[in-house]
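Participant: So I've got this file, start.cif, and it contains mmCIF, C-alpha atoms and all ligand atoms:
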```cif
data_structure
loop_
_atom_site.label_atom_id
_atom_site.label_comp_id
_atom_site.auth_asym_id
_atom_site.auth_seq_id
_atom_site.Cartn_x
_atom_site.Cartn_y
_atom_site.Cartn_z
CA MET A 1 -29.47 3.23 -29.13
CA ILE A 2 -25.81 3.57 -28.23
CA THR A 3 -24.84 7.02 -26.99
CA GLN A 4 -21.69 8.37 -25.41
CA LEU A 5 -21.84 8.97 -21.66
CA ASP A 6 -21.17 12.56 -20.66
CA SER A 7 -17.83 13.14 -19.00
CA SER A 8 -19.17 13.70 -15.48
CA THR A 9 -20.99 10.34 -15.60
CA VAL A 10 -17.84 8.62 -16.84
CA ARG A 11 -15.91 10.19 -13.98
CA LEU A 12 -18.42 8.98 -11.42
CA ILE A 13 -18.39 5.45 -12.80
CA THR A 14 -14.63 5.11 -13.06
CA SER A 15 -13.80 6.77 -9.75
CA GLY A 16 -15.52 3.80 -8.18
CA GLN A 17 -12.63 1.52 -9.02
CA VAL A 18 -10.01 3.20 -6.86
CA ALA A 19 -12.15 4.64 -4.10
CA ILE A 20 -14.15 1.61 -3.04
CA ASP A 21 -13.96 2.02 0.71
CA ILE A 22 -11.80 3.67 3.36
CA PRO A 23 -8.92 1.17 3.19
CA SER A 24 -8.70 1.39 -0.62
CA ILE A 25 -8.59 5.20 -0.46
CA LEU A 26 -6.03 5.18 2.33
CA LYS A 27 -3.87 2.73 0.39
CA GLU A 28 -3.64 5.24 -2.46
CA LEU A 29 -2.94 8.18 -0.18
CA ILE A 30 -0.26 6.29 1.77
CA GLU A 31 1.41 5.32 -1.50
CA ASN A 32 1.39 8.98 -2.57
CA SER A 33 3.14 9.89 0.68
CA ILE A 34 5.73 7.15 0.15
CA ASP A 35 6.29 8.38 -3.41
CA ALA A 36 6.87 11.86 -1.96
CA SER A 37 9.73 10.44 0.17
CA ALA A 38 7.90 11.02 3.45
CA THR A 39 9.52 9.67 6.62
CA SER A 40 6.37 10.08 8.67
CA ILE A 41 2.81 9.27 7.63
CA THR A 42 -0.13 9.74 9.97
CA VAL A 43 -3.69 8.67 9.28
CA THR A 44 -6.55 10.17 11.28
CA LEU A 45 -10.05 8.73 11.29
CA ASP A 46 -12.76 11.02 12.56
CA ASN A 47 -15.74 9.03 13.80
CA ASN A 48 -14.15 5.92 12.24
CA GLY A 49 -13.88 7.81 8.97
CA LEU A 50 -17.58 8.65 8.71
CA ASN A 51 -16.85 12.34 9.34
CA ALA A 52 -13.41 12.52 7.79
CA ILE A 53 -10.20 10.76 6.94
CA VAL A 54 -6.88 12.56 6.96
CA VAL A 55 -3.45 11.52 5.70
CA LYS A 56 -0.60 13.79 6.71
CA ASP A 57 2.97 13.36 5.55
CA ASN A 58 6.28 15.19 5.73
CA GLY A 59 7.18 14.49 2.09
CA HIS A 60 8.33 16.93 -0.57
CA GLY A 61 4.94 18.59 -1.04
CA ILE A 62 3.28 19.62 -4.28
CA PRO A 63 4.94 22.53 -6.13
CA LYS A 64 2.82 25.55 -6.99
CA GLU A 65 2.91 24.83 -10.73
CA ASP A 66 1.45 21.34 -10.19
CA ARG A 67 -1.46 22.30 -7.97
CA GLU A 68 -3.88 23.14 -10.78
CA SER A 69 -3.66 19.58 -12.09
CA MET A 70 -2.97 17.55 -8.95
CA ALA A 71 -6.53 16.26 -8.59
CA LEU A 72 -7.43 16.06 -12.28
CA ARG A 73 -7.96 12.57 -13.60
CA TYR A 74 -4.99 10.96 -15.38
CA HIS A 75 -2.71 13.76 -14.30
CA THR A 76 0.51 12.46 -12.78
CA SER A 77 4.06 13.62 -12.21
CA LYS A 78 5.33 10.04 -12.19
CA LEU A 79 4.87 8.72 -15.71
CA ARG A 80 5.23 10.48 -19.05
CA SER A 81 4.50 7.72 -21.54
CA PHE A 82 3.42 4.10 -21.74
CA GLU A 83 7.09 3.19 -22.28
CA ASP A 84 7.95 4.56 -18.84
CA LEU A 85 5.75 1.91 -17.25
CA ARG A 86 8.53 -0.61 -17.86
CA GLY A 87 10.81 1.01 -15.37
CA VAL A 88 8.30 2.67 -13.07
CA ARG A 89 9.62 2.68 -9.52
CA THR A 90 6.96 4.81 -7.86
CA MET A 91 3.90 3.20 -6.30
CA GLY A 92 1.51 5.40 -8.23
CA PHE A 93 1.48 6.18 -11.94
CA ARG A 94 -2.16 6.22 -13.04
CA GLY A 95 -2.99 9.73 -11.88
CA GLU A 96 -6.33 8.63 -10.52
CA ALA A 97 -6.25 8.65 -6.74
CA LEU A 98 -6.74 12.32 -5.96
CA ALA A 99 -9.32 12.64 -8.76
CA SER A 100 -11.23 9.71 -7.28
CA CYS A 101 -11.03 11.26 -3.81
CA ALA A 102 -12.47 14.49 -5.22
CA GLN A 103 -15.40 12.44 -6.49
CA ALA A 104 -15.83 10.39 -3.33
CA GLY A 105 -16.14 13.25 -0.86
CA GLN A 106 -15.14 16.81 -0.01
CA LEU A 107 -11.43 17.02 -0.71
CA THR A 108 -9.11 19.58 0.86
CA ILE A 109 -5.37 19.51 0.18
CA THR A 110 -2.84 21.39 2.25
CA THR A 111 0.68 21.30 0.91
CA ARG A 112 4.03 23.01 1.21
CA THR A 113 7.35 22.38 -0.51
CA LYS A 114 10.72 23.35 0.96
CA LYS A 115 10.75 26.41 -1.32
CA ASP A 116 7.33 27.71 -0.23
CA PRO A 117 7.40 30.36 2.51
CA VAL A 118 4.00 29.14 3.76
CA ALA A 119 1.65 26.23 3.08
CA THR A 120 -1.41 26.52 0.84
CA ILE A 121 -4.79 25.02 1.59
CA CYS A 122 -6.86 24.16 -1.48
CA GLU A 123 -10.50 23.14 -1.59
CA ILE A 124 -11.12 20.87 -4.55
CA ASP A 125 -14.42 20.51 -6.40
CA LYS A 126 -15.95 17.29 -7.77
CA GLN A 127 -14.18 17.75 -11.12
CA GLY A 128 -10.83 17.92 -9.36
CA LYS A 129 -10.41 21.65 -9.93
CA ILE A 130 -9.32 24.08 -7.25
CA LYS A 131 -12.37 25.86 -5.82
CA SER A 132 -10.47 28.12 -3.45
CA GLU A 133 -6.97 28.44 -2.09
CA LYS A 134 -5.33 30.43 0.65
CA PRO A 135 -2.11 30.49 2.65
CA ILE A 136 -2.01 28.66 5.96
CA ALA A 137 0.65 27.75 8.53
CA ALA A 138 1.90 24.17 8.12
CA ASP A 139 5.19 22.28 7.87
CA THR A 140 6.69 20.97 4.64
CA GLY A 141 4.62 18.05 3.36
CA THR A 142 1.09 17.30 2.34
CA GLN A 143 -2.16 16.76 4.16
CA ILE A 144 -5.15 15.24 2.43
CA LEU A 145 -8.49 15.77 4.14
CA LEU A 146 -11.52 13.91 2.84
CA GLN A 147 -14.87 14.68 4.45
CA ASN A 148 -18.37 13.30 4.07
CA LEU A 149 -17.33 10.27 2.08
CA PHE A 150 -19.80 8.66 -0.31
CA THR A 151 -22.78 10.83 0.62
CA HIS A 152 -23.79 10.67 -3.08
CA LEU A 153 -23.37 6.88 -3.21
CA PRO A 154 -25.90 5.57 -0.66
CA VAL A 155 -24.91 1.90 -0.93
CA ARG A 156 -21.22 2.62 -0.26
CA ARG A 157 -22.12 5.01 2.52
CA GLN A 158 -24.29 2.33 4.14
CA THR A 159 -21.57 -0.30 3.81
CA MET A 160 -19.11 2.12 5.34
CA GLN A 161 -21.46 2.78 8.25
CA LYS A 162 -21.93 -0.93 8.83
CA ARG A 163 -18.18 -1.52 8.83
CA ALA A 164 -17.37 1.61 10.84
CA SER A 165 -16.52 -0.16 14.09
CA SER A 166 -14.04 -2.44 12.36
CA THR A 167 -12.45 0.32 10.25
CA PRO A 168 -9.64 1.14 12.73
CA ALA A 169 -8.58 -2.52 12.76
CA SER A 170 -8.57 -2.69 8.94
CA VAL A 171 -6.55 0.50 8.79
CA LYS A 172 -4.01 -0.83 11.30
CA LYS A 173 -3.61 -3.91 9.15
CA LEU A 174 -3.04 -1.75 6.09
CA LEU A 175 -0.51 0.45 7.88
CA THR A 176 1.27 -2.65 9.18
CA THR A 177 1.63 -3.95 5.63
CA TYR A 178 3.36 -0.73 4.59
CA ALA A 179 5.35 -0.38 7.82
CA LEU A 180 6.85 -3.83 7.22
CA ALA A 181 7.84 -2.85 3.68
CA TYR A 182 9.17 0.60 4.59
CA PRO A 183 10.81 0.20 7.99
CA THR A 184 12.43 3.64 7.93
CA ILE A 185 9.06 5.40 7.74
CA ARG A 186 7.07 6.14 10.88
CA PHE A 187 3.38 5.22 10.55
CA GLY A 188 0.69 6.47 12.91
CA LEU A 189 -3.06 6.15 13.38
CA GLN A 190 -5.15 8.63 15.36
CA LEU A 191 -8.77 8.06 16.24
CA ARG A 192 -10.83 11.19 16.76
CA ASN A 193 -14.42 12.24 17.18
CA LYS A 194 -15.26 15.68 15.81
CA GLY A 195 -11.57 16.43 16.04
CA LYS A 196 -11.31 15.40 19.72
CA ARG A 197 -9.49 12.43 21.16
CA GLY A 198 -11.89 9.56 21.79
CA THR A 199 -11.42 6.47 23.90
CA GLY A 200 -9.26 4.69 21.31
CA GLY A 201 -5.60 5.51 21.85
CA ASP A 202 -3.16 6.57 19.16
CA TRP A 203 -1.21 3.79 17.50
CA VAL A 204 2.29 4.20 16.17
CA VAL A 205 4.96 2.12 14.46
CA SER A 206 8.08 4.18 14.96
CA ALA A 207 10.82 4.32 12.34
CA SER A 208 13.23 1.39 12.35
CA ARG A 209 16.55 0.58 10.75
CA SER A 210 15.61 -2.81 9.33
CA VAL A 211 12.80 -5.18 8.48
CA GLU A 212 13.79 -7.37 11.40
CA GLU A 213 13.52 -4.46 13.80
CA VAL A 214 10.07 -3.41 12.59
CA VAL A 215 8.78 -7.00 12.55
CA GLY A 216 9.98 -7.28 16.15
CA LYS A 217 8.04 -4.16 17.10
CA VAL A 218 4.83 -5.15 15.36
CA LEU A 219 4.69 -8.94 15.70
CA GLY A 220 6.97 -9.53 18.67
CA LYS A 221 10.69 -10.09 19.17
CA GLY A 222 10.08 -13.85 19.46
CA VAL A 223 9.06 -14.01 15.81
CA VAL A 224 12.31 -12.39 14.69
CA LYS A 225 14.39 -14.67 16.92
CA ASP A 226 12.86 -17.68 15.22
CA CYS A 227 13.43 -16.30 11.72
CA VAL A 228 16.36 -16.00 9.39
CA TRP A 229 17.09 -12.99 7.14
CA LEU A 230 18.15 -13.78 3.58
CA GLU A 231 19.24 -11.73 0.63
CA GLU A 232 19.96 -13.59 -2.57
CA GLU A 233 20.34 -12.70 -6.22
CA ASP A 234 19.65 -14.90 -9.20
CA ALA A 235 22.46 -13.97 -11.57
CA ALA A 236 20.74 -15.15 -14.75
CA SER A 237 17.54 -13.11 -14.37
CA GLY A 238 18.77 -10.35 -12.10
CA VAL A 239 15.91 -11.04 -9.67
CA ARG A 240 16.78 -10.44 -6.03
CA ILE A 241 14.96 -12.00 -3.11
CA GLN A 242 14.93 -10.51 0.35
CA ALA A 243 13.16 -12.63 2.91
CA LEU A 244 12.55 -13.08 6.58
CA LEU A 245 11.47 -16.69 7.01
CA PRO A 246 10.95 -18.98 10.00
CA LYS A 247 13.90 -21.25 10.67
CA ARG A 248 13.39 -24.98 10.28
CA GLU A 249 13.46 -25.45 14.02
CA ALA A 250 11.28 -22.37 14.76
CA ASN A 251 8.70 -22.60 17.51
CA ARG A 252 5.56 -23.27 15.49
CA SER A 253 3.25 -21.49 17.88
CA VAL A 254 5.44 -18.35 17.72
CA VAL A 255 5.75 -18.10 13.93
CA GLY A 256 2.36 -19.63 13.11
CA GLY A 257 -0.59 -17.44 12.12
CA LYS A 258 1.43 -14.21 12.11
CA GLY A 259 0.51 -13.39 8.54
CA HIS A 260 2.01 -13.29 5.08
CA PHE A 261 3.77 -10.16 3.86
CA LEU A 262 4.62 -10.42 0.23
CA TYR A 263 6.03 -7.55 -1.82
CA ILE A 264 7.21 -7.09 -5.36
CA ASP A 265 9.62 -4.17 -5.61
CA SER A 266 8.34 -3.21 -2.14
CA ARG A 267 4.80 -3.00 -3.49
CA PRO A 268 2.42 -5.03 -1.32
CA VAL A 269 0.71 -7.76 -3.31
CA SER A 270 -2.29 -9.76 -2.28
CA SER A 271 -1.09 -13.17 -1.11
CA THR A 272 -4.32 -14.95 -1.94
CA ARG A 273 -4.21 -14.91 -5.73
CA GLY A 274 -2.10 -16.03 -8.65
CA ASP A 275 1.68 -16.34 -8.37
CA SER A 276 1.75 -14.85 -4.88
CA LYS A 277 -0.63 -17.55 -3.70
CA THR A 278 1.68 -20.18 -5.19
CA ILE A 279 4.68 -18.63 -3.43
CA ILE A 280 2.94 -18.69 -0.04
CA ALA A 281 1.86 -22.29 -0.60
CA LEU A 282 5.46 -23.13 -1.48
CA VAL A 283 6.87 -21.62 1.72
CA LYS A 284 4.24 -23.45 3.71
CA SER A 285 5.05 -26.80 2.12
CA TYR A 286 8.81 -26.40 2.67
CA PHE A 287 8.38 -25.22 6.23
CA ASN A 288 6.20 -28.22 6.96
CA ILE A 289 8.56 -30.86 5.53
CA GLY A 290 8.50 -33.78 7.91
CA ALA A 291 6.24 -31.97 10.42
CA ALA A 292 3.54 -33.90 12.27
CA THR A 293 1.04 -31.05 11.98
CA ALA A 294 1.02 -28.41 9.27
CA ALA A 295 1.57 -24.86 10.50
CA ASP A 296 0.86 -21.64 8.61
CA PRO A 297 4.21 -19.87 8.92
CA PHE A 298 4.91 -16.16 8.98
CA VAL A 299 6.31 -15.04 5.63
CA TRP A 300 8.02 -11.77 4.74
CA MET A 301 9.38 -11.65 1.23
CA ASN A 302 10.29 -8.90 -1.21
CA ILE A 303 10.98 -9.86 -4.79
CA ILE A 304 13.11 -7.20 -6.46
CA CYS A 305 12.92 -7.37 -10.23
CA PRO A 306 14.81 -5.83 -13.14
CA PRO A 307 12.87 -3.27 -15.25
CA GLY A 308 10.21 -4.75 -17.50
CA TYR A 309 10.15 -8.06 -15.65
CA TYR A 310 6.44 -7.80 -14.89
CA ASP A 311 3.34 -5.76 -15.64
CA PRO A 312 2.19 -3.91 -12.53
CA ASN A 313 -0.83 -2.44 -14.27
CA LEU A 314 -3.30 -5.32 -14.14
CA GLU A 315 -5.74 -3.70 -11.77
CA PRO A 316 -6.41 -0.20 -10.46
CA ALA A 317 -5.30 -1.27 -6.98
CA LYS A 318 -1.98 -2.52 -8.44
CA ASP A 319 -1.91 -5.31 -5.85
CA ARG A 320 -1.44 -7.99 -8.45
CA VAL A 321 1.26 -8.18 -11.10
CA MET A 322 1.82 -10.35 -14.13
CA PHE A 323 5.28 -11.83 -14.46
CA GLY A 324 6.69 -12.33 -17.93
CA ASP A 325 7.93 -15.72 -16.76
CA SER A 326 6.24 -16.77 -13.56
CA ALA A 327 7.78 -20.27 -13.63
CA GLU A 328 11.21 -18.61 -13.43
CA VAL A 329 10.23 -16.54 -10.38
CA ILE A 330 8.73 -19.55 -8.64
CA GLY A 331 11.93 -21.48 -9.40
CA ILE A 332 14.09 -18.74 -7.89
CA VAL A 333 11.94 -18.64 -4.75
CA GLU A 334 12.12 -22.41 -4.51
CA LYS A 335 15.93 -22.34 -4.64
CA VAL A 336 15.93 -19.95 -1.68
CA LEU A 337 13.57 -22.23 0.20
CA VAL A 338 15.73 -25.29 -0.44
CA GLY A 339 18.61 -23.32 1.09
CA VAL A 340 16.62 -22.75 4.28
CA TYR A 341 14.62 -25.96 4.62
CA GLY A 342 16.41 -28.55 2.48
CA GLU A 343 15.09 -30.56 -0.45
CA ARG A 344 11.45 -31.56 -0.39
CA PRO A 345 10.30 -35.11 -1.14
CA GLU A 346 9.06 -35.39 -4.75
CA GLN A 347 5.46 -36.36 -3.88
CA GLU A 348 4.94 -33.14 -1.92
CA LYS A 349 5.42 -30.83 -4.91
CA VAL A 350 2.90 -28.00 -5.02
CA VAL A 351 0.66 -27.61 -8.02
CA LYS A 352 0.45 -24.13 -9.48
CA GLN A 353 -2.44 -22.23 -7.93
CA THR A 354 -4.73 -20.03 -9.97
P1 LIG B 401 -0.39 9.22 -9.15
O1 LIG B 401 0.06 8.85 -7.78
O2 LIG B 401 -0.78 8.00 -9.94
O3 LIG B 401 0.55 10.11 -9.85
P2 LIG B 401 -2.47 10.69 -7.79
O4 LIG B 401 -3.83 11.14 -8.19
O5 LIG B 401 -2.37 9.77 -6.65
O6 LIG B 401 -1.77 10.05 -9.05
O7 LIG B 401 -1.60 11.98 -7.50
C1 LIG B 401 -1.45 12.97 -8.51
C2 LIG B 401 -0.15 13.73 -8.35
O8 LIG B 401 -0.23 14.57 -7.20
C3 LIG B 401 1.07 12.86 -8.14
O9 LIG B 401 1.64 12.46 -9.36
C4 LIG B 401 1.99 13.78 -7.33
O10 LIG B 401 2.71 14.63 -8.19
C5 LIG B 401 1.02 14.64 -6.54
N1 LIG B 401 0.83 14.14 -5.14
C6 LIG B 401 -0.22 13.42 -4.68
N2 LIG B 401 -0.10 13.15 -3.36
C7 LIG B 401 1.07 13.71 -2.97
C8 LIG B 401 1.77 13.79 -1.72
N3 LIG B 401 1.29 13.23 -0.60
N4 LIG B 401 2.96 14.48 -1.70
C9 LIG B 401 3.45 15.05 -2.82
N5 LIG B 401 2.84 15.01 -4.03
C10 LIG B 401 1.66 14.35 -4.12
MG MG B 402 -1.12 8.03 -6.36
#
```
Here is the file; what I need is its structure written in the form of structure tokens.
Ligand code: ADP
Ligand code: MG
Facilitator:
Amino acid sequence: MITQLDSSTVRLITSGQVAIDIPSILKELIENSIDASATSITVTLDNNGLNAIVVKDNGHGIPKEDRESMALRYHTSKLRSFEDLRGVRTMGFRGEALASCAQAGQLTITTRTKKDPVATICEIDKQGKIKSEKPIAADTGTQILLQNLFTHLPVRRQTMQKRASSTPASVKKLLTTYALAYPTIRFGLQLRNKGKRGTGGDWVVSASRSVEEVVGKVLGKGVVKDCVWLEEEDAASGVRIQALLPKREANRSVVGGKGHFLYIDSRPVSSTRGDSKTIIALVKSYFNIGAATAADPFVWMNIICPPGYYDPNLEPAKDRVMFGDSAEVIGIVEKVLVGVYGERPEQEKVVKQT
């Protein structure tokens, strides 16, 4: 017999797609802070996140009239209709993250806009509704506190416990990905135990003026010295490429194995699937033209597209996009690569990866 699931069951099932583990939750919360024009974002893990995770920003805060709906599912201030998705410039638009957080653990939101005389701290229930709220002293911005994650989902809780010791490293990686896309934002990580400083020190990527500067801070000045910064526009499509790529003559041990940072409209995309995978393979093949041994070069690339050029809404995590014309994008990237590394012999052409 087919019956309709009740709404609380549906909520539990669907919240699982956004709030899979600590990094996937933090990704959403960091993106919310970026969307709120924050210039400083600090993540705190208490007992590696097993007690609590906190994301604090100095963004514009959530206005009083929006607080009732901030953690309700499919409630967003960023998108009004499906049509808007074409030109969406914010990182979020699905209105799911805070609702999923409310499901995943005990959610407390403290927020203050410039207009508010004081901040407000709101405890949110499992349905995303405000359980209690009261004034509290805090600066302009928003702080999301999520305690006792996944206590109702034993398998996820267990997985989280097993991964606990590696969580700070995963979170640093995540923060690095965003820091390299948003150099002017300061990103910090604090490790605490029951609110107290533990043995792990605090980690910070301070605000920078450019991608080159932040790459220098995070991956070493040597990497930047061996790279070239490019900014090119394809007049026909309106696609712009910004890239920091190793020079032909770069020291292979300096630029090798430093990671791939690929962004579309400054949105981090996974570099191991689809078109992004093809792009990384392409850089690698150009960089290695005529080389005795193949190196895996550092790649930083941001592909800036005109509105409607791709569909960002393929997956809840939004880390994969579908281009209307992926051959065109690959062609544009290839032109940039020819400019840096020269033409590639015909037999070395890369086959499209899937
Ligand atoms: P989405 O980001 O897709 O809109 P979320 O559930 O992540 O959905 O957030 C819901 C709404 O809450 C956002 O549209 C925004 O208005 C507000 N919000 C969430 N986080 C913040 C934040 N850190 N600063 C300001 N506003 C926020
Ligand atoms: Mg969001």
Participant: Would you name the residues within 6 Å of ligand MG 402 (chain B), counting all atoms listed in the file, and put them as a ChimeraX atom specification?
Facilitator: /A:28,32,92,97
Participant: Quick one: 8 Å padding each side, axis-aligned, all listed atoms of region 107-125 of chain A - centre and edge lengths in Å to one decimal, as JSON?
Facilitator:
```
{"center_x": -1.8, "center_y": 23.7, "center_z": -1.3, "size_x": 41.2, "size_y": 29.3, "size_z": 26.2}
```
Participant: Choose the residue, out of A:Asn48, A:Thr113, A:Gln103, A:Thr151, that has the smallest atom-to-atom separation from ligand LIG 401 (chain B); count all atoms listed in the file.
Facilitator: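 Nearest candidate to ligand LIG 401 (chain B) out of A:Asn48, A:Thr113, A:Gln103, A:Thr151: A:Thr113.
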Participant: Using CA of Lys258 (chain A) and CA of Asp202 (chain A) as the two end points, give the distance in Å to one decimal.
Facilitator: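 These two atoms are separated by 22.4 Å.
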Participant: If you take all atoms listed in the file and a cut-off of 6 Å, which residues of chain A touch ligand LIG 401 (chain B), and what are their nearest atom pairs and distances in Å to one decimal, in chain and number order, as a Markdown table?
Facilitator:
```
| residue | atom | partner | partner_atom | distance |
| --- | --- | --- | --- | --- |
| A:Asn32 | CA | B:LIG401 | N2 | 4.5 |
| A:Ser33 | CA | B:LIG401 | N3 | 4.0 |
| A:Ala36 | CA | B:LIG401 | N4 | 4.7 |
| A:Gly59 | CA | B:LIG401 | N4 | 5.7 |
| A:His60 | CA | B:LIG401 | C9 | 5.7 |
| A:Gly61 | CA | B:LIG401 | C9 | 4.2 |
| A:Ile62 | CA | B:LIG401 | N5 | 4.6 |
| A:Met70 | CA | B:LIG401 | O8 | 4.4 |
| A:Ala71 | CA | B:LIG401 | O4 | 5.8 |
| A:His75 | CA | B:LIG401 | C1 | 6.0 |
| A:Thr76 | CA | B:LIG401 | O9 | 3.6 |
| A:Ser77 | CA | B:LIG401 | O9 | 3.9 |
| A:Lys78 | CA | B:LIG401 | O9 | 5.2 |
| A:Gly92 | CA | B:LIG401 | O1 | 3.8 |
| A:Phe93 | CA | B:LIG401 | O2 | 3.5 |
| A:Arg94 | CA | B:LIG401 | O2 | 3.8 |
| A:Gly95 | CA | B:LIG401 | O6 | 3.1 |
| A:Glu96 | CA | B:LIG401 | O4 | 4.2 |
| A:Ala97 | CA | B:LIG401 | O4 | 3.8 |
| A:Leu98 | CA | B:LIG401 | O4 | 3.9 |
| A:Ala99 | CA | B:LIG401 | O4 | 5.7 |
| A:Thr142 | CA | B:LIG401 | N3 | 5.0 |
```
Participant: Write out as a PyMOL selection string the residues lying within 12 Å of region 248-253 of chain A, counting all atoms listed in the file and excluding same-chain residues fewer than 5 positions away.
Facilitator: chain A and resi 222-228+258+283-298+337-342
Participant: Counting all atoms listed in the file, figure out which residue out of A:Asp57, A:Asp66, A:Asp325, A:Glu133 gets nearest to Ala38 (chain A).
Facilitator: A:Asp57
Participant: Check the smallest atom-to-atom distance from each of A:Arg80, A:His152, A:Lys172, A:Arg67 to Ile130 (chain A) using only C-alpha atoms, then report the winner.
Facilitator: A:Arg67
Participant: Report the distance between CA of Asp234 (chain A) and CA of Ser271 (chain A) in Å, rounded to one decimal place.
Facilitator: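 Between CA of Asp234 (chain A) and CA of Ser271 (chain A) the gap works out to 22.3 Å.
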Participant: Hey, what's within 9 Å of Val171 (chain A) if we count all atoms listed in the file and toss same-chain stuff fewer than 2 positions away? As an NGL selection string, please?
Facilitator: :A and (22-23 or 26 or 43 or 166-169 or 173-176 or 189)
